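Note: the block below is start18.txt and it holds compact mmCIF, C-alpha atoms and all ligand atoms.
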# COMPACT_ATOMS: atom_id res chain seq x y z
CA MET A 1 5.37 20.78 -15.12
CA ASN A 2 5.32 23.79 -12.79
CA GLN A 3 8.42 25.63 -11.61
CA GLU A 4 8.71 23.70 -8.35
CA GLN A 5 8.48 20.39 -10.21
CA GLU A 6 11.20 21.56 -12.63
CA GLU A 7 13.45 22.48 -9.68
CA ILE A 8 12.89 19.05 -8.13
CA LEU A 9 13.81 17.29 -11.38
CA LYS A 10 17.02 19.33 -11.57
CA LEU A 11 17.93 18.63 -7.93
CA LYS A 12 17.16 14.96 -8.44
CA GLU A 13 19.67 14.79 -11.25
CA GLU A 14 22.35 16.71 -9.33
CA LYS A 15 21.99 14.41 -6.32
CA ASN A 16 21.64 11.21 -8.36
CA ALA A 17 18.38 10.61 -6.51
CA ILE A 18 15.21 8.77 -7.39
CA ILE A 19 11.68 9.34 -6.16
CA LEU A 20 9.47 6.36 -5.34
CA ALA A 21 5.79 7.13 -4.76
CA HIS A 22 2.65 5.23 -3.85
CA ASN A 23 -0.43 5.43 -6.07
CA TYR A 24 -2.22 7.56 -3.42
CA GLN A 25 0.14 10.52 -3.84
CA THR A 26 -1.21 13.74 -5.37
CA GLN A 27 -0.99 14.34 -9.10
CA GLU A 28 1.92 16.80 -8.72
CA ILE A 29 3.97 14.15 -6.89
CA GLN A 30 2.88 11.39 -9.27
CA GLU A 31 4.22 13.54 -12.12
CA ILE A 32 7.74 13.84 -10.67
CA ALA A 33 8.05 10.24 -9.45
CA ASP A 34 10.53 7.92 -11.16
CA PHE A 35 8.45 5.00 -10.03
CA LEU A 36 4.81 4.91 -8.99
CA GLY A 37 3.23 1.74 -7.67
CA ASP A 38 1.28 -0.33 -5.17
CA SER A 39 2.88 -1.73 -2.02
CA LEU A 40 4.13 -4.89 -3.70
CA GLU A 41 5.57 -3.06 -6.69
CA LEU A 42 7.31 -0.60 -4.36
CA CYS A 43 8.83 -3.50 -2.36
CA ILE A 44 10.14 -5.08 -5.56
CA LYS A 45 11.52 -1.76 -6.80
CA ALA A 46 13.16 -1.05 -3.42
CA SER A 47 14.92 -4.43 -3.54
CA GLN A 48 16.36 -3.60 -6.98
CA ILE A 49 17.66 -0.04 -6.59
CA GLU A 50 21.33 0.03 -7.47
CA GLU A 51 22.08 3.14 -9.45
CA ALA A 52 20.79 5.94 -7.16
CA ASP A 53 22.67 7.49 -4.20
CA LEU A 54 19.51 8.80 -2.56
CA VAL A 55 15.91 7.58 -2.50
CA ILE A 56 13.07 9.98 -1.66
CA PHE A 57 10.13 7.86 -0.57
CA CYS A 58 6.66 9.40 -0.94
CA GLY A 59 4.48 6.94 0.91
CA VAL A 60 3.59 6.12 4.51
CA ASP A 61 6.00 4.95 7.22
CA PHE A 62 5.69 1.19 6.75
CA MET A 63 6.43 1.50 3.02
CA ALA A 64 9.57 3.57 3.56
CA GLU A 65 10.69 1.18 6.31
CA THR A 66 10.21 -1.78 3.97
CA ALA A 67 12.39 -0.04 1.39
CA ALA A 68 15.08 0.49 4.07
CA ILE A 69 14.82 -3.18 5.15
CA LEU A 70 15.23 -4.41 1.59
CA ASN A 71 18.03 -2.06 0.69
CA PRO A 72 19.98 -1.25 3.88
CA SER A 73 22.92 0.28 2.03
CA LYS A 74 20.77 3.02 0.46
CA LYS A 75 19.87 6.33 2.01
CA ILE A 76 16.06 6.37 2.13
CA VAL A 77 14.54 9.74 3.05
CA ILE A 78 10.87 10.43 3.78
CA PRO A 79 9.65 14.02 3.13
CA ASP A 80 7.34 14.10 6.20
CA THR A 81 7.94 11.82 9.19
CA GLN A 82 4.33 12.21 10.31
CA ALA A 83 3.14 10.25 7.26
CA GLU A 84 2.13 7.20 9.27
CA CYS A 85 -0.38 4.51 8.41
CA PRO A 86 -2.76 4.29 11.39
CA MET A 87 -3.64 0.69 10.52
CA ALA A 88 0.01 -0.37 10.73
CA HIS A 89 0.09 1.03 14.27
CA MET A 90 -2.89 -1.14 15.32
CA LEU A 91 -0.68 -4.22 15.62
CA PRO A 92 2.32 -3.67 17.91
CA ALA A 93 4.98 -6.42 17.89
CA GLU A 94 4.09 -7.29 21.49
CA GLU A 95 0.55 -8.14 20.39
CA VAL A 96 1.88 -10.47 17.65
CA ARG A 97 4.03 -12.24 20.25
CA LYS A 98 0.96 -12.73 22.48
CA TYR A 99 -1.01 -14.33 19.63
CA LYS A 100 1.95 -16.56 18.72
CA LYS A 101 1.98 -17.92 22.28
CA ARG A 102 -1.77 -18.54 22.16
CA TYR A 103 -1.60 -20.29 18.75
CA PRO A 104 1.80 -22.01 18.66
CA GLN A 105 0.91 -24.16 15.60
CA ALA A 106 -0.17 -21.24 13.44
CA GLU A 107 2.02 -19.53 10.84
CA VAL A 108 2.04 -15.74 10.92
CA VAL A 109 1.19 -13.75 7.78
CA LEU A 110 1.42 -10.01 8.22
CA TYR A 111 0.20 -7.44 5.75
CA VAL A 112 3.04 -5.20 4.57
CA ASN A 113 1.03 -2.44 6.35
CA THR A 114 2.84 -3.19 9.65
CA LEU A 115 5.78 -1.62 11.41
CA ALA A 116 9.24 -3.16 11.11
CA GLU A 117 9.19 -4.57 14.64
CA ALA A 118 5.96 -6.46 13.94
CA LYS A 119 7.30 -7.64 10.56
CA ALA A 120 10.23 -9.17 12.43
CA GLU A 121 7.70 -11.47 14.18
CA ALA A 122 6.11 -12.71 10.94
CA ASP A 123 6.85 -15.92 9.03
CA ILE A 124 5.97 -14.18 5.79
CA LEU A 125 4.47 -10.89 4.64
CA CYS A 126 1.80 -10.21 2.06
CA THR A 127 0.25 -7.26 0.25
CA SER A 128 -3.28 -6.90 -1.07
CA ALA A 129 -1.93 -8.06 -4.45
CA ASN A 130 -0.69 -11.46 -3.27
CA ALA A 131 -2.41 -12.26 0.07
CA VAL A 132 -4.24 -15.41 -1.13
CA GLN A 133 -1.17 -16.70 -2.97
CA VAL A 134 0.98 -16.17 0.16
CA VAL A 135 -1.48 -17.95 2.47
CA GLU A 136 -1.83 -20.83 0.02
CA SER A 137 1.96 -21.24 -0.05
CA LEU A 138 2.06 -22.13 3.67
CA GLU A 139 2.25 -25.60 5.18
CA SER A 140 0.15 -24.89 8.24
CA ASP A 141 -3.66 -25.02 8.05
CA GLN A 142 -3.95 -22.36 10.74
CA VAL A 143 -2.85 -18.80 9.96
CA LEU A 144 -2.58 -15.71 12.13
CA PHE A 145 -3.32 -12.81 9.77
CA GLY A 146 -3.14 -9.08 10.49
CA PRO A 147 -3.72 -6.26 10.90
CA ASP A 148 -6.57 -5.69 8.40
CA MET A 149 -9.71 -7.66 9.26
CA ASN A 150 -11.24 -7.01 5.83
CA LEU A 151 -8.23 -8.37 3.95
CA ALA A 152 -8.32 -11.31 6.40
CA SER A 153 -11.96 -12.04 5.52
CA PHE A 154 -11.18 -11.63 1.78
CA VAL A 155 -8.47 -14.30 2.13
CA GLU A 156 -10.61 -16.55 4.33
CA LYS A 157 -13.24 -16.82 1.58
CA ARG A 158 -10.61 -17.93 -0.92
CA THR A 159 -8.75 -20.57 1.07
CA ASP A 160 -9.60 -23.68 3.11
CA LYS A 161 -7.17 -22.66 5.83
CA GLU A 162 -8.31 -21.28 9.18
CA ILE A 163 -7.62 -17.53 9.25
CA ILE A 164 -7.38 -15.88 12.66
CA PRO A 165 -7.44 -12.05 12.36
CA ILE A 166 -4.99 -10.24 14.60
CA PRO A 167 -6.00 -7.89 16.15
CA GLU A 168 -9.66 -8.86 15.93
CA LEU A 169 -10.76 -5.52 14.46
CA GLY A 170 -7.85 -3.89 12.58
CA TYR A 171 -9.01 -1.56 9.81
CA CYS A 172 -8.08 1.29 7.48
CA TYR A 173 -10.03 4.47 8.26
CA VAL A 174 -10.08 5.46 4.57
CA HIS A 175 -11.57 2.21 3.25
CA LYS A 176 -13.96 2.04 6.22
CA MET A 177 -15.66 5.16 4.77
CA PHE A 178 -17.24 3.17 1.91
CA ASN A 179 -20.63 1.67 2.60
CA THR A 180 -23.19 -0.30 0.62
CA ALA A 181 -25.34 2.81 0.06
CA ASP A 182 -22.40 4.41 -1.83
CA VAL A 183 -22.27 1.45 -4.19
CA THR A 184 -26.06 1.41 -4.70
CA PHE A 185 -26.17 5.19 -5.31
CA SER A 186 -23.22 5.15 -7.72
CA ARG A 187 -24.53 2.16 -9.66
CA GLU A 188 -27.84 4.03 -10.14
CA ASN A 189 -26.01 7.07 -11.52
CA TYR A 190 -23.42 5.22 -13.60
CA ALA A 191 -25.30 2.12 -14.70
CA ASP A 192 -22.65 0.96 -17.19
CA ALA A 193 -19.68 1.38 -14.87
CA GLU A 194 -17.71 -1.54 -13.52
CA VAL A 195 -17.19 -1.28 -9.75
CA LEU A 196 -13.65 -1.99 -8.53
CA VAL A 197 -12.94 -1.94 -4.79
CA HIS A 198 -9.89 -2.52 -2.63
CA PRO A 199 -9.87 -5.55 -0.26
CA GLU A 200 -9.50 -3.16 2.70
CA CYS A 201 -13.18 -2.18 2.16
CA ASP A 202 -15.80 -3.82 4.38
CA ALA A 203 -16.96 -7.32 3.35
CA GLU A 204 -20.50 -6.09 2.42
CA VAL A 205 -18.97 -3.50 0.07
CA GLN A 206 -16.65 -6.13 -1.45
CA GLU A 207 -19.66 -8.37 -2.10
CA MET A 208 -21.34 -5.64 -4.18
CA ALA A 209 -18.29 -4.99 -6.37
CA ASP A 210 -17.47 -6.48 -9.77
CA HIS A 211 -13.81 -6.89 -8.86
CA ILE A 212 -11.77 -6.69 -5.64
CA LEU A 213 -8.25 -5.54 -6.49
CA SER A 214 -5.07 -4.01 -5.09
CA THR A 215 -4.25 -0.58 -6.51
CA GLY A 216 -1.76 -2.19 -8.92
CA GLY A 217 -4.44 -4.74 -9.84
CA MET A 218 -6.81 -1.89 -10.74
CA ILE A 219 -4.22 -0.43 -13.12
CA ARG A 220 -3.69 -3.78 -14.85
CA HIS A 221 -7.45 -4.38 -14.98
CA LEU A 222 -8.19 -1.07 -16.75
CA ALA A 223 -5.37 -1.61 -19.22
CA LEU A 224 -6.97 -4.87 -20.36
CA SER A 225 -10.68 -4.16 -19.92
CA GLU A 226 -12.95 -3.49 -22.90
CA ASN A 227 -15.25 -1.54 -20.60
CA LYS A 228 -15.52 2.22 -20.95
CA SER A 229 -16.50 3.37 -17.44
CA PHE A 230 -15.37 2.48 -13.93
CA LEU A 231 -16.19 3.35 -10.33
CA ILE A 232 -13.13 3.17 -8.10
CA GLY A 233 -13.52 2.17 -4.45
CA THR A 234 -10.24 3.20 -2.93
CA GLU A 235 -8.30 6.40 -2.12
CA VAL A 236 -9.25 9.24 -4.48
CA ASP A 237 -5.81 9.83 -5.99
CA MET A 238 -5.96 6.34 -7.44
CA VAL A 239 -8.54 7.89 -9.75
CA THR A 240 -5.98 10.58 -10.62
CA ARG A 241 -3.48 7.97 -11.80
CA LEU A 242 -6.07 5.89 -13.65
CA ARG A 243 -7.40 8.97 -15.48
CA ARG A 244 -3.90 10.08 -16.50
CA GLU A 245 -3.15 6.66 -17.96
CA ASN A 246 -6.57 5.98 -19.53
CA PRO A 247 -7.71 9.25 -21.16
CA ASP A 248 -10.21 7.35 -23.31
CA LYS A 249 -12.08 5.90 -20.30
CA LEU A 250 -14.58 7.38 -17.84
CA ILE A 251 -13.28 6.91 -14.31
CA TYR A 252 -15.13 8.07 -11.19
CA PRO A 253 -14.39 7.80 -7.47
CA LEU A 254 -16.93 5.74 -5.54
CA LEU A 255 -16.56 8.29 -2.74
CA ASP A 256 -14.93 11.74 -3.07
CA GLU A 257 -14.19 11.88 0.67
CA ALA A 258 -11.96 8.78 0.65
CA ILE A 259 -8.72 10.67 1.26
CA CYS A 260 -5.72 9.25 3.12
CA GLU A 261 -4.61 12.39 4.95
CA ASN A 262 -1.43 10.64 6.00
CA MET A 263 -0.31 10.08 2.41
CA LYS A 264 -1.11 13.71 1.59
CA LEU A 265 1.41 15.04 4.12
CA HIS A 266 4.04 14.82 1.39
CA THR A 267 4.09 17.97 -0.72
CA LEU A 268 6.34 19.28 -3.50
CA GLU A 269 7.90 21.72 -1.05
CA LYS A 270 8.80 18.91 1.38
CA VAL A 271 10.14 16.73 -1.45
CA LYS A 272 12.37 19.63 -2.48
CA THR A 273 13.59 20.15 1.09
CA SER A 274 14.31 16.41 1.38
CA LEU A 275 16.46 16.54 -1.72
CA ILE A 276 18.39 19.53 -0.40
CA GLU A 277 18.74 18.55 3.27
CA GLU A 278 18.44 14.72 3.11
CA LYS A 279 17.19 15.11 6.66
CA PHE A 280 14.63 12.46 7.59
CA GLN A 281 16.49 9.26 6.87
CA VAL A 282 14.48 6.10 7.52
CA LYS A 283 16.49 3.79 9.75
CA VAL A 284 15.51 0.35 10.99
CA PRO A 285 17.67 -1.19 13.75
CA GLU A 286 19.85 -3.91 12.20
CA GLU A 287 18.57 -6.80 14.31
CA ILE A 288 14.93 -6.01 13.48
CA ALA A 289 15.72 -5.34 9.82
CA ASN A 290 17.52 -8.68 9.46
CA LYS A 291 14.55 -10.62 10.87
CA ALA A 292 11.96 -8.62 8.93
CA ARG A 293 13.93 -9.02 5.69
CA VAL A 294 13.52 -12.81 5.84
CA ALA A 295 9.70 -12.41 5.93
CA VAL A 296 9.67 -9.80 3.13
CA GLU A 297 12.01 -11.79 0.90
CA ARG A 298 9.98 -14.95 1.44
CA MET A 299 6.94 -13.02 0.16
CA LEU A 300 8.85 -11.74 -2.88
CA GLU A 301 9.91 -15.31 -3.67
CA VAL A 302 6.28 -16.53 -3.54
CA SER A 303 5.15 -13.61 -5.74
CA LYS A 304 7.63 -14.34 -8.56
P1 LIG B 1 -1.92 -1.32 -2.27
O1 LIG B 1 -0.85 -2.30 -1.95
O2 LIG B 1 -3.10 -1.94 -2.96
O3 LIG B 1 -1.38 -0.16 -3.00
O4 LIG B 1 -2.52 -0.80 -0.89
C1 LIG B 1 -1.75 -0.12 0.04
C2 LIG B 1 -2.59 0.62 0.97
O5 LIG B 1 -2.12 1.24 1.88
C3 LIG B 1 -4.01 0.57 0.76
O6 LIG B 1 -4.64 1.40 1.64
FE1 LIG B 2 -2.91 3.15 5.73
FE2 LIG B 2 -5.41 3.24 4.85
FE3 LIG B 2 -3.75 5.23 4.26
FE4 LIG B 2 -3.48 2.80 3.12
S1 LIG B 2 -5.16 4.25 2.87
S2 LIG B 2 -1.86 4.06 3.99
S3 LIG B 2 -4.07 1.48 4.84
S4 LIG B 2 -4.46 4.65 6.30

Please, can you express the file's structure as structure tokens?
Amino acid sequence: MNQEQEEILKLKEEKNAIILAHNYQTQEIQEIADFLGDSLELCIKASQIEEADLVIFCGVDFMAETAAILNPSKKIVIPDTQAECPMAHMLPAEEVRKYKKRYPQAEVVLYVNTLAEAKAEADILCTSANAVQVVESLESDQVLFGPDMNLASFVEKRTDKEIIPIPELGYCYVHKMFNTADVTFSRENYADAEVLVHPECDAEVQEMADHILSTGGMIRHLALSENKSFLIGTEVDMVTRLRRENPDKLIYPLLDEAICENMKLHTLEKVKTSLIEEKFQVKVPEEIANKARVAVERMLEVSK
């Protein structure tokens, strides 16, 4: 631990605070987090926080909002308010309402990577860890699914239901960076490595992988796998976490440039300031939060 990390740990104790962080945070933030996880694990954790007075959330906007929706009595603070997920902003609530009018029979499944106002329009949410399970739990055979078109196509291949992506071309700019040539090149250089990619990668990239997994799924997979080497097709700091937890394995990024700049806006300095000033509290208007909570809790029920 460096001096700044030590100071944060001390402040955290004084303030009775906890730090939740997504797997894409830098190593120095991963090291000071009380809980590190994928979107689903962070939702579950956020719904269970009782003991802390203050929660510092190191993730992007939709994740911190989900924590605030699930635990409205807690003070949730985000170190940098500019840490937004561009994909979540590709599906405004108004757009969801338009699709609902056009497809009145369809049920609406929204990826947790959406803003609170859009979540309030959903029947149920999903994450990359439970998307197929969530869709299969529905009664309707027609499903509006957004905003990630690649996760939509991943689900479509694993269900008999009709999946209508909303918007038509929602994507994550980080996972869009991977292409089939990266997989071919890496497989040539690391012939024994298993290739794991995230379902936000393009369909052609998914088809070339050995496994398509959420970030939490990748962690569980490595813990159980007999394999020695792995190529990881998601944000580069996922490799950081996997290496820390699997020192006996060889773990390589499929693409060094796959960096979510938005996640990286959180720094130790900003975490420290958040603990001192408690300034950027994440607030979701009550009416929206109440509606969105129904969709999030329905997902958590299905994922049990
Ligand atoms: P996970 O739920 O797999 O952690 O994914 C979240 C995300 O933002 C992926 O880009
Ligand atoms: Fe959003 Fe993509 Fe960053 Fe995940 S990696 S937070 S989907 S921009």

Which residues are near ligand LIG 1 (chain B) - at most 9 Å, using all atoms listed in the file? Format: as a short mmCIF file (atom, residue, chain, number, x, y, z; two decimals) with C-alpha atoms, in the frame of the given file.
data_model
loop_
_atom_site.label_atom_id
_atom_site.label_comp_id
_atom_site.auth_asym_id
_atom_site.auth_seq_id
_atom_site.Cartn_x
_atom_site.Cartn_y
_atom_site.Cartn_z
CA HIS A 22 2.65 5.23 -3.85
CA ASN A 23 -0.43 5.43 -6.07
CA TYR A 24 -2.22 7.56 -3.42
CA GLY A 37 3.23 1.74 -7.67
CA ASP A 38 1.28 -0.33 -5.17
CA SER A 39 2.88 -1.73 -2.02
CA LEU A 40 4.13 -4.89 -3.70
CA GLU A 41 5.57 -3.06 -6.69
CA LEU A 42 7.31 -0.60 -4.36
CA GLY A 59 4.48 6.94 0.91
CA VAL A 60 3.59 6.12 4.51
CA MET A 63 6.43 1.50 3.02
CA CYS A 85 -0.38 4.51 8.41
CA MET A 87 -3.64 0.69 10.52
CA VAL A 112 3.04 -5.20 4.57
CA ASN A 113 1.03 -2.44 6.35
CA THR A 127 0.25 -7.26 0.25
CA SER A 128 -3.28 -6.90 -1.07
CA ALA A 129 -1.93 -8.06 -4.45
CA CYS A 172 -8.08 1.29 7.48
CA VAL A 174 -10.08 5.46 4.57
CA HIS A 175 -11.57 2.21 3.25
CA HIS A 198 -9.89 -2.52 -2.63
CA PRO A 199 -9.87 -5.55 -0.26
CA GLU A 200 -9.50 -3.16 2.70
CA LEU A 213 -8.25 -5.54 -6.49
CA SER A 214 -5.07 -4.01 -5.09
CA THR A 215 -4.25 -0.58 -6.51
CA GLY A 216 -1.76 -2.19 -8.92
CA GLY A 217 -4.44 -4.74 -9.84
CA MET A 218 -6.81 -1.89 -10.74
CA THR A 234 -10.24 3.20 -2.93
CA GLU A 235 -8.30 6.40 -2.12
CA CYS A 260 -5.72 9.25 3.12
#

Shell around Asp192 in chain A at 9 Å using only C-alpha atoms, local window under 6 positions removed, as JSON, numbers by chain
{"A": [227, 228, 229, 230]}

What's the 6 Å shell around range 276-290 of chain A, counting all atoms listed in the file, without same-chain residues fewer than 5 positions away, as a short mmCIF file (atom, residue, chain, number, x, y, z; two decimals) with C-alpha atoms, keeping the file's coordinate frame?
data_model
loop_
_atom_site.label_atom_id
_atom_site.label_comp_id
_atom_site.auth_asym_id
_atom_site.auth_seq_id
_atom_site.Cartn_x
_atom_site.Cartn_y
_atom_site.Cartn_z
CA ILE A 69 14.82 -3.18 5.15
CA ILE A 76 16.06 6.37 2.13
CA VAL A 77 14.54 9.74 3.05
CA ILE A 78 10.87 10.43 3.78
CA ALA A 120 10.23 -9.17 12.43
#

A:Glu261, A:Asp182, A:Glu301, A:Glu50: which is nearest ligand LIG 2 (chain B), counting only C-alpha atoms and all ligand atoms?
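Closest to ligand LIG 2 (chain B) of all the choices is A:Glu261.
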
Point-to-point distance in Å for CA of Glu28 in chain A and CA of Asn16 in chain A
20.5 Å

Can you work out which one of A:Leu224, A:Leu255, A:Val108, A:Ile164 has the shortest atom-to-atom distance to Glu139 in chain A, counting only C-alpha atoms?
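The closest residue to Glu139 in chain A is A:Val108.
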
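Using only C-alpha atoms, the smallest distance between any of A:Leu265, A:Ile251, A:Leu242, A:Ala67 and Glu84 in chain A comes from A:Leu265.
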
Could you check how far CA of Lys249 in chain A sits from CA of His221 in chain A, in Å to one decimal?
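CA of Lys249 in chain A sits 12.5 Å away from CA of His221 in chain A.
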
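Among A:Lys291, A:Arg298, A:Lys264, A:Lys270, the residue with the shortest atom-to-atom distance to ligand LIG 2 (chain B), counting all atoms listed in the file, is A:Lys264.
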
Report, in Å to a single decimal, how far apart CA of Ile166 in chain A and CA of Leu144 in chain A are.
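Spanning CA of Leu144 in chain A to CA of Ile166 in chain A is a straight-line distance of 6.5 Å.
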
Find the residues with any atom within 9 Å of (4.4, -14.4, 5.3); use only C-alpha atoms and the coordinates as given in the file, and write the answer as an MDAnalysis selection string.
chainID A and resid 107:111 122:126 131 134:135 138 295:296 298:299

In terms of the shortest atom-to-atom distance over only C-alpha atoms and all ligand atoms, which of A:Asn2, A:Asn150, A:Thr180, A:Ser274 is closest to ligand LIG 2 (chain B)?
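Looking at the shortest contact to ligand LIG 2 (chain B), the residue is A:Asn150.
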
Mind checking which residues fall within 8 Å of Leu169 in chain A, counting only C-alpha atoms, ignoring those fewer than 2 positions away in the same chain, and posting them as a PyMOL selection string?
chain A and resi 147-149+165-167+171

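Take the candidates A:Ala17, A:Ile232, A:Ala223, A:Ala83 and check each one against Asp248 in chain A using only C-alpha atoms; the shortest distance goes to A:Ala223.
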
I want to know what sits within 10 Å of Ser47 in chain A, based on all atoms listed in the file, with residues of the same chain fewer than 6 positions away left out; could you give that as a ChimeraX atom specification?
/A:41,66-72,297,300

Which centre and which edge lengths, in Å to one decimal, describe the axis-aligned box that holds all listed atoms of range 222-239 of chain A after 6 Å is added on each side, as lines of an AutoDock Vina configuration file?
center_x = -10.9
center_y = 2.5
center_z = -12.5
size_x = 23.1
size_y = 26.7
size_z = 32.8

May I have the residues at most 12 Å from (22.5, 2.6, -10.8) in the file's coordinates, counting only C-alpha atoms, as a list of chain:residue names?
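The distance filter leaves exactly A:Asn16, A:Ala17, A:Ile18, A:Gln48, A:Ile49, A:Glu50, A:Glu51, A:Ala52, A:Asp53, A:Leu54, A:Val55, A:Lys74.
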